[in-house]
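Text of my_file_0.cif (mmCIF, C-alpha atoms; chains and numbers go by the auth columns) as supplied:
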```cif
data_upload
#
loop_
_atom_site.group_PDB
_atom_site.id
_atom_site.type_symbol
_atom_site.label_atom_id
_atom_site.label_comp_id
_atom_site.label_asym_id
_atom_site.label_seq_id
_atom_site.Cartn_x
_atom_site.Cartn_y
_atom_site.Cartn_z
_atom_site.B_iso_or_equiv
_atom_site.auth_seq_id
_atom_site.auth_asym_id
ATOM 1 C CA MET A 1 9.681 2.931 -16.774 0.00 1 A
ATOM 2 C CA ASN A 2 7.322 5.907 -16.628 0.00 2 A
ATOM 3 C CA GLN A 3 9.000 8.011 -13.906 0.00 3 A
ATOM 4 C CA GLU A 4 6.222 10.609 -13.848 0.00 4 A
ATOM 5 C CA ARG A 5 3.490 8.021 -13.212 0.00 5 A
ATOM 6 C CA GLY A 6 5.595 6.215 -10.601 0.00 6 A
ATOM 7 C CA GLY A 7 6.215 9.510 -8.830 0.00 7 A
ATOM 8 C CA ARG A 8 2.501 10.332 -8.811 0.00 8 A
ATOM 9 C CA GLN A 9 1.705 6.867 -7.439 0.00 9 A
ATOM 10 C CA LEU A 10 4.348 7.305 -4.752 0.00 10 A
ATOM 11 C CA THR A 11 2.855 10.667 -3.755 0.00 11 A
ATOM 12 C CA LEU A 12 -0.617 9.111 -3.647 0.00 12 A
ATOM 13 C CA ILE A 13 0.670 6.313 -1.391 0.00 13 A
ATOM 14 C CA GLY A 14 2.084 8.891 1.017 0.00 14 A
ATOM 15 C CA GLN A 15 -1.162 10.885 1.042 0.00 15 A
ATOM 16 C CA THR A 16 -3.257 7.739 1.578 0.00 16 A
ATOM 17 C CA VAL A 17 -1.087 6.446 4.426 0.00 17 A
ATOM 18 C CA GLU A 18 -1.091 9.812 6.187 0.00 18 A
ATOM 19 C CA ALA A 19 -4.848 10.380 5.838 0.00 19 A
ATOM 20 C CA ALA A 20 -5.657 6.844 7.029 0.00 20 A
ATOM 21 C CA ARG A 21 -3.211 7.167 9.938 0.00 21 A
ATOM 22 C CA ARG A 22 -4.881 10.429 11.062 0.00 22 A
ATOM 23 C CA GLN A 23 -8.198 8.559 11.199 0.00 23 A
ATOM 24 C CA GLY A 24 -6.730 5.509 12.976 0.00 24 A
ATOM 25 C CA ILE A 25 -7.249 3.224 9.967 0.00 25 A
ATOM 26 C CA PRO A 26 -4.444 0.679 9.504 0.00 26 A
ATOM 27 C CA LEU A 27 -3.422 -0.099 5.911 0.00 27 A
ATOM 28 C CA TRP A 28 -0.738 -2.323 4.411 0.00 28 A
ATOM 29 C CA LEU A 29 0.706 -2.081 0.912 0.00 29 A
ATOM 30 C CA ARG A 30 0.649 -5.381 -0.953 0.00 30 A
ATOM 31 C CA GLY A 31 1.758 -6.470 -4.410 0.00 31 A
ATOM 32 C CA GLY A 32 4.486 -4.709 -6.335 0.00 32 A
ATOM 33 C CA TRP A 33 4.447 -1.547 -4.239 0.00 33 A
ATOM 34 C CA ALA A 34 4.938 -3.577 -1.032 0.00 34 A
ATOM 35 C CA MET A 35 7.967 -5.170 -2.679 0.00 35 A
ATOM 36 C CA ASP A 36 9.372 -1.809 -3.736 0.00 36 A
ATOM 37 C CA PHE A 37 8.883 -0.324 -0.260 0.00 37 A
ATOM 38 C CA PHE A 38 10.677 -3.357 1.194 0.00 38 A
ATOM 39 C CA LEU A 39 13.539 -2.912 -1.293 0.00 39 A
ATOM 40 C CA GLY A 40 13.611 0.869 -0.839 0.00 40 A
ATOM 41 C CA GLU A 41 13.281 1.812 -4.510 0.00 41 A
ATOM 42 C CA ILE A 42 10.903 1.699 -7.439 0.00 42 A
ATOM 43 C CA THR A 43 11.919 -1.373 -9.445 0.00 43 A
ATOM 44 C CA ARG A 44 9.250 -1.515 -12.139 0.00 44 A
ATOM 45 C CA GLU A 45 6.037 -0.023 -13.526 0.00 45 A
ATOM 46 C CA HIS A 46 2.923 -0.477 -11.409 0.00 46 A
ATOM 47 C CA GLY A 47 -0.524 -0.664 -12.975 0.00 47 A
ATOM 48 C CA ASP A 48 -2.175 0.202 -9.675 0.00 48 A
ATOM 49 C CA ILE A 49 -1.640 0.452 -5.931 0.00 49 A
ATOM 50 C CA ASP A 50 -2.730 -2.608 -3.955 0.00 50 A
ATOM 51 C CA TRP A 51 -3.541 -2.496 -0.246 0.00 51 A
ATOM 52 C CA PHE A 52 -4.948 -4.579 2.591 0.00 52 A
ATOM 53 C CA ALA A 53 -7.373 -2.983 5.077 0.00 53 A
ATOM 54 C CA TRP A 54 -9.616 -4.340 7.821 0.00 54 A
ATOM 55 C CA ALA A 55 -13.198 -4.947 6.699 0.00 55 A
ATOM 56 C CA LYS A 56 -14.478 -3.202 9.843 0.00 56 A
ATOM 57 C CA ASP A 57 -12.770 -0.015 8.600 0.00 57 A
ATOM 58 C CA ALA A 58 -14.220 -0.145 5.056 0.00 58 A
ATOM 59 C CA ALA A 59 -16.839 2.596 5.494 0.00 59 A
ATOM 60 C CA ALA A 60 -14.437 4.938 7.302 0.00 60 A
ATOM 61 C CA LEU A 61 -11.733 4.238 4.699 0.00 61 A
ATOM 62 C CA ALA A 62 -14.158 5.020 1.863 0.00 62 A
ATOM 63 C CA GLY A 63 -14.928 8.337 3.578 0.00 63 A
ATOM 64 C CA VAL A 64 -11.237 9.190 3.946 0.00 64 A
ATOM 65 C CA LEU A 65 -10.538 8.359 0.307 0.00 65 A
ATOM 66 C CA THR A 66 -13.534 10.319 -0.963 0.00 66 A
ATOM 67 C CA ALA A 67 -12.396 13.325 1.092 0.00 67 A
ATOM 68 C CA LEU A 68 -8.981 13.038 -0.621 0.00 68 A
ATOM 69 C CA GLY A 69 -10.677 13.237 -4.039 0.00 69 A
ATOM 70 C CA HIS A 70 -10.796 9.524 -4.879 0.00 70 A
ATOM 71 C CA THR A 71 -13.797 8.215 -6.808 0.00 71 A
ATOM 72 C CA PRO A 72 -15.234 4.760 -6.048 0.00 72 A
ATOM 73 C CA VAL A 73 -14.956 2.299 -8.942 0.00 73 A
ATOM 74 C CA PRO A 74 -17.509 -0.509 -9.151 0.00 74 A
ATOM 75 C CA GLY A 75 -16.055 -3.994 -9.343 0.00 75 A
ATOM 76 C CA PRO A 76 -15.540 -6.802 -6.881 0.00 76 A
ATOM 77 C CA PRO A 77 -18.065 -7.465 -4.122 0.00 77 A
ATOM 78 C CA PRO A 78 -17.837 -4.570 -1.618 0.00 78 A
ATOM 79 C CA GLY A 79 -17.250 -7.024 1.255 0.00 79 A
ATOM 80 C CA LEU A 80 -14.157 -8.306 -0.556 0.00 80 A
ATOM 81 C CA GLN A 81 -12.496 -5.210 -2.016 0.00 81 A
ATOM 82 C CA LEU A 82 -12.892 -1.458 -2.465 0.00 82 A
ATOM 83 C CA ASP A 83 -11.586 0.091 -5.683 0.00 83 A
ATOM 84 C CA PHE A 84 -10.929 3.805 -6.160 0.00 84 A
ATOM 85 C CA ALA A 85 -9.430 6.092 -8.802 0.00 85 A
ATOM 86 C CA LYS A 86 -7.829 9.512 -8.491 0.00 86 A
ATOM 87 C CA ASP A 87 -6.198 11.513 -11.267 0.00 87 A
ATOM 88 C CA GLY A 88 -5.956 8.425 -13.495 0.00 88 A
ATOM 89 C CA LEU A 89 -4.393 6.262 -10.760 0.00 89 A
ATOM 90 C CA ASP A 90 -6.134 3.157 -9.440 0.00 90 A
ATOM 91 C CA SER A 91 -6.038 1.888 -5.854 0.00 91 A
ATOM 92 C CA SER A 92 -7.525 -1.409 -4.670 0.00 92 A
ATOM 93 C CA PHE A 93 -8.146 -2.207 -1.015 0.00 93 A
ATOM 94 C CA THR A 94 -8.581 -5.927 -0.346 0.00 94 A
ATOM 95 C CA LEU A 95 -10.502 -6.348 2.889 0.00 95 A
ATOM 96 C CA VAL A 96 -9.343 -8.715 5.605 0.00 96 A
ATOM 97 C CA ASP A 97 -10.786 -9.970 8.852 0.00 97 A
ATOM 98 C CA ARG A 98 -9.770 -12.355 11.636 0.00 98 A
ATOM 99 C CA ASP A 99 -11.295 -15.767 12.215 0.00 99 A
ATOM 100 C CA ALA A 100 -12.027 -17.319 15.627 0.00 100 A
ATOM 101 C CA ALA A 101 -8.437 -18.599 15.806 0.00 101 A
ATOM 102 C CA GLY A 102 -7.068 -15.075 15.200 0.00 102 A
ATOM 103 C CA ARG A 103 -5.782 -15.764 11.668 0.00 103 A
ATOM 104 C CA VAL A 104 -6.027 -13.037 9.032 0.00 104 A
ATOM 105 C CA VAL A 105 -8.650 -14.184 6.498 0.00 105 A
ATOM 106 C CA VAL A 106 -10.402 -13.032 3.347 0.00 106 A
ATOM 107 C CA ALA A 107 -13.275 -10.855 4.560 0.00 107 A
ATOM 108 C CA GLY A 108 -15.893 -11.399 1.864 0.00 108 A
ATOM 109 C CA GLY A 109 -16.793 -12.783 -1.520 0.00 109 A
ATOM 110 C CA PRO A 110 -16.480 -16.401 -2.610 0.00 110 A
ATOM 111 C CA TRP A 111 -13.303 -17.015 -0.562 0.00 111 A
ATOM 112 C CA ALA A 112 -14.587 -15.438 2.682 0.00 112 A
ATOM 113 C CA GLY A 113 -12.922 -17.031 5.687 0.00 113 A
ATOM 114 C CA THR A 114 -9.935 -18.379 3.734 0.00 114 A
ATOM 115 C CA ALA A 115 -6.722 -17.746 5.652 0.00 115 A
ATOM 116 C CA TRP A 116 -4.011 -15.547 4.196 0.00 116 A
ATOM 117 C CA PRO A 117 -0.388 -16.665 4.777 0.00 117 A
ATOM 118 C CA ASP A 118 0.842 -16.606 8.387 0.00 118 A
ATOM 119 C CA GLY A 119 2.605 -13.406 9.350 0.00 119 A
ATOM 120 C CA LEU A 120 0.937 -11.438 6.550 0.00 120 A
ATOM 121 C CA LEU A 121 0.655 -8.189 8.503 0.00 121 A
ATOM 122 C CA ASP A 122 3.672 -8.663 10.798 0.00 122 A
ATOM 123 C CA ALA A 123 6.330 -6.828 8.770 0.00 123 A
ATOM 124 C CA GLY A 124 7.593 -3.448 9.835 0.00 124 A
ATOM 125 C CA PRO A 125 7.105 -0.467 7.547 0.00 125 A
ATOM 126 C CA GLY A 126 8.912 -0.083 4.261 0.00 126 A
ATOM 127 C CA ARG A 127 10.318 3.127 2.860 0.00 127 A
ATOM 128 C CA ILE A 128 11.076 4.826 -0.426 0.00 128 A
ATOM 129 C CA GLY A 129 12.806 8.160 0.100 0.00 129 A
ATOM 130 C CA ASP A 130 10.861 10.167 2.678 0.00 130 A
ATOM 131 C CA ILE A 131 7.705 8.066 2.392 0.00 131 A
ATOM 132 C CA GLU A 132 7.166 5.275 4.908 0.00 132 A
ATOM 133 C CA ALA A 133 4.285 2.817 4.559 0.00 133 A
ATOM 134 C CA PRO A 134 3.214 -0.369 6.294 0.00 134 A
ATOM 135 C CA ILE A 135 3.806 -3.390 4.045 0.00 135 A
ATOM 136 C CA VAL A 136 2.867 -7.044 4.027 0.00 136 A
ATOM 137 C CA SER A 137 5.552 -9.493 5.058 0.00 137 A
ATOM 138 C CA PRO A 138 7.963 -10.262 2.192 0.00 138 A
ATOM 139 C CA LEU A 139 7.646 -14.009 2.926 0.00 139 A
ATOM 140 C CA ALA A 140 3.851 -13.779 2.750 0.00 140 A
ATOM 141 C CA GLN A 141 4.181 -11.722 -0.438 0.00 141 A
ATOM 142 C CA ILE A 142 6.288 -14.478 -2.018 0.00 142 A
ATOM 143 C CA GLU A 143 3.757 -17.123 -0.998 0.00 143 A
ATOM 144 C CA ILE A 144 0.848 -15.101 -2.404 0.00 144 A
ATOM 145 C CA LYS A 145 2.644 -14.527 -5.723 0.00 145 A
ATOM 146 C CA ARG A 146 3.527 -18.237 -5.971 0.00 146 A
ATOM 147 C CA MET A 147 0.130 -19.544 -4.953 0.00 147 A
ATOM 148 C CA MET A 148 -2.333 -17.131 -6.613 0.00 148 A
ATOM 149 C CA PRO A 149 -2.545 -19.192 -9.852 0.00 149 A
ATOM 150 C CA VAL A 150 -3.231 -22.272 -7.727 0.00 150 A
ATOM 151 C CA TRP A 151 -5.780 -20.570 -5.481 0.00 151 A
ATOM 152 C CA ASP A 152 -7.494 -18.903 -8.447 0.00 152 A
ATOM 153 C CA PRO A 153 -6.824 -20.788 -11.712 0.00 153 A
ATOM 154 C CA SER A 154 -8.406 -17.932 -13.703 0.00 154 A
ATOM 155 C CA ARG A 155 -5.322 -15.834 -12.818 0.00 155 A
ATOM 156 C CA PRO A 156 -2.361 -17.274 -14.759 0.00 156 A
ATOM 157 C CA ARG A 157 1.228 -16.974 -13.590 0.00 157 A
ATOM 158 C CA ARG A 158 2.726 -13.664 -14.729 0.00 158 A
ATOM 159 C CA ALA A 159 6.326 -12.879 -15.654 0.00 159 A
ATOM 160 C CA LYS A 160 6.329 -9.834 -13.340 0.00 160 A
ATOM 161 C CA ASP A 161 5.413 -12.084 -10.386 0.00 161 A
ATOM 162 C CA ALA A 162 8.371 -14.381 -11.099 0.00 162 A
ATOM 163 C CA ALA A 163 10.655 -11.332 -11.273 0.00 163 A
ATOM 164 C CA ASP A 164 9.192 -9.939 -8.032 0.00 164 A
ATOM 165 C CA ILE A 165 9.742 -13.274 -6.261 0.00 165 A
ATOM 166 C CA ALA A 166 13.378 -13.344 -7.436 0.00 166 A
ATOM 167 C CA ARG A 167 13.953 -9.753 -6.202 0.00 167 A
ATOM 168 C CA LEU A 168 12.379 -10.459 -2.808 0.00 168 A
ATOM 169 C CA GLU A 169 14.266 -13.719 -2.308 0.00 169 A
ATOM 170 C CA ALA A 170 17.579 -12.071 -3.239 0.00 170 A
ATOM 171 C CA ALA A 171 16.938 -9.202 -0.817 0.00 171 A
ATOM 172 C CA LEU A 172 15.984 -11.600 1.989 0.00 172 A
ATOM 173 C CA ARG A 173 19.148 -13.664 1.372 0.00 173 A
ATOM 174 C CA GLY A 174 21.218 -10.479 1.406 0.00 174 A
ATOM 175 C CA ARG A 175 19.716 -9.322 4.696 0.00 175 A
ATOM 176 C CA GLN A 176 20.179 -12.782 6.192 0.00 176 A
ATOM 177 C CA SER A 177 23.887 -12.948 5.241 0.00 177 A
ATOM 178 C CA SER A 178 24.572 -9.441 6.538 0.00 178 A
ATOM 179 C CA ALA A 179 22.905 -10.370 9.859 0.00 179 A
ATOM 180 C CA ASN A 180 25.284 -13.365 10.304 0.00 180 A
#
```
Would you write out, as structure tokens, the structure that this file holds?
Amino acid sequence: MNQERGGRQLTLIGQTVEAARRQGIPLWLRGGWAMDFFLGEITREHGDIDWFAWAKDAAALAGVLTALGHTPVPGPPPGLQLDFAKDGLDSSFTLVDRDAAGRVVVAGGPWAGTAWPDGLLDAGPGRIGDIEAPIVSPLAQIEIKRMMPVWDPSRPRRAKDAADIARLEAALRGRQSSAN
């Protein structure tokens, strides 16, 4: 594992959370970093930093990130996701919205209006060392990692997702047994 890169990503997560918090912009880590913040340690290499953010906050978030020195990266439809790079590190912000029933849904692109798993944004914050960050629910994370190849057949199942699911399930079992 590249400790230097992981440390830089961790620092960037802390800076992003703090800057967004100062502007009243809620963010949630998703993907591998959400798992690591739930577990309390860096467990593997991370190619990028994945987030969820409200679509209504997209313009303000882009301003915050630009002020921090991030550069926008063209890619997915802007109503679906915002991608940024800073110092060779990539961050992706998948945009979410709420439907008429109050469910968290995909904000834009071809899957606009599709519901994310229940409880997606209901987890408390996670922590690694001194850095605390809001994270997606571990149960929702497991469902997303299991279902992504079904929801989007162009994205095959990955070995790292199977390993992440196993880590999350083991941690949830451990917390459940210690609570009993």
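Minimum atom-to-atom distance to A:Glu18, evaluated using all atoms listed in the file, belongs to A:Leu65 out of A:Val73, A:Ala100, A:Leu65, A:Ala112.
Among A:Lys56, A:Arg155, A:Arg21, A:Arg8, the residue with the shortest atom-to-atom distance to A:Leu80, counting all atoms listed in the file, is A:Lys56.
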Nearby residues (only C-alpha atoms) at most 9 Å from stretch 59-62 of chain A, same-chain spacing under 6 positions excluded, as a list in words | Ala20, Gln23, Ile25, Ala53, His70, Pro72, Leu82 and Phe84 of chain A
How far is it from atom CA of A:Gln9 to atom CA of A:Asp48, in Å with one decimal?
-> 8.0 Å
Evaluating the PyMOL selection byres ((chain A and resi 130) around 12) on the displayed file yields which residues, as a PyMOL selection string?
-> chain A and resi 10-11+13-14+37+40-41+126-129+131-133
If the PyMOL selection byres ((chain A and resi 110) around 12) is run on the structure shown, which residues does it catch, given as a VMD selection string?
-> chain A and resid 76 to 81 106 to 109 111 to 114 151 to 152
If you measure from atom CA of A:Leu12 to atom CA of A:Pro138, what distance in Å do you get, rounded to one decimal?
-> 22.0 Å
Check which residues satisfy the PyMOL selection byres ((chain A and resi 5) around 10) in the file shown, then give them as a ChimeraX atom specification.
-> /A:1-4,6-11,45-47,88-89
Residues around (8.3, -10.5, -6.0), cut-off 9 Å, counting only C-alpha atoms - what are they as number ranges by chain?
-> A: 31-32, 35, 138, 141-142, 145, 160-169
Can you write out the residues you just picked, keeping C-alpha atoms, as an mmCIF file, keeping the file's coordinate frame?
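Result written to part08.cif:
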```cif
data_model
loop_
_atom_site.group_PDB
_atom_site.id
_atom_site.type_symbol
_atom_site.label_atom_id
_atom_site.label_comp_id
_atom_site.auth_asym_id
_atom_site.auth_seq_id
_atom_site.Cartn_x
_atom_site.Cartn_y
_atom_site.Cartn_z
ATOM 1 C CA GLY A 31 1.758 -6.470 -4.410
ATOM 2 C CA GLY A 32 4.486 -4.709 -6.335
ATOM 3 C CA MET A 35 7.967 -5.170 -2.679
ATOM 4 C CA PRO A 138 7.963 -10.262 2.192
ATOM 5 C CA GLN A 141 4.181 -11.722 -0.438
ATOM 6 C CA ILE A 142 6.288 -14.478 -2.018
ATOM 7 C CA LYS A 145 2.644 -14.527 -5.723
ATOM 8 C CA LYS A 160 6.329 -9.834 -13.340
ATOM 9 C CA ASP A 161 5.413 -12.084 -10.386
ATOM 10 C CA ALA A 162 8.371 -14.381 -11.099
ATOM 11 C CA ALA A 163 10.655 -11.332 -11.273
ATOM 12 C CA ASP A 164 9.192 -9.939 -8.032
ATOM 13 C CA ILE A 165 9.742 -13.274 -6.261
ATOM 14 C CA ALA A 166 13.378 -13.344 -7.436
ATOM 15 C CA ARG A 167 13.953 -9.753 -6.202
ATOM 16 C CA LEU A 168 12.379 -10.459 -2.808
ATOM 17 C CA GLU A 169 14.266 -13.719 -2.308
#
```
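The coordinates place atom CA of A:Arg30 at 20.8 Å from atom CA of A:Leu68.
Nearest residue to A:Gly102, choosing from A:Gly75, A:Gly119, A:Gly24, A:Gly124 and counting all atoms listed in the file: A:Gly119.
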Point (-6.1, -21.1, 7.5) neighbourhood (8 Å, all atoms listed in the file) written as a list in words = Arg103, Val105, Thr114, Ala115, Trp116 and Pro117 of chain A
Counting only C-alpha atoms, which of A:Ala179, A:Ala67, A:Phe38, A:Thr16 gets nearest to A:Ser137?
-> A:Phe38
Produce the centre coordinates and the three edge lengths, each in Å to one decimal, of the box along x, y and z that contains all listed atoms of stretch 12-17 of chain A with 5 Å added on each side, as lines of an AutoDock Vina configuration file.
```
center_x = -0.6
center_y = 8.6
center_z = 0.4
size_x = 15.3
size_y = 14.6
size_z = 18.1
```
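Take the candidates A:Ala123, A:Ile49, A:Val150, A:Ile42 and check each one against A:Lys86 using only C-alpha atoms; the shortest distance goes to A:Ile49.
With all atoms listed in the file as the basis for measurement, A:Asp118 is the residue among A:Asp118, A:Ala58, A:Ala85, A:Arg173 that approaches A:Ala140 most closely.
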Mind checking which residues fall within 9 Å of A:Leu121, counting only C-alpha atoms, ignoring those fewer than 4 positions away in the same chain, and posting them as number ranges by chain?
-> A: 28, 52, 104, 134-137, 140
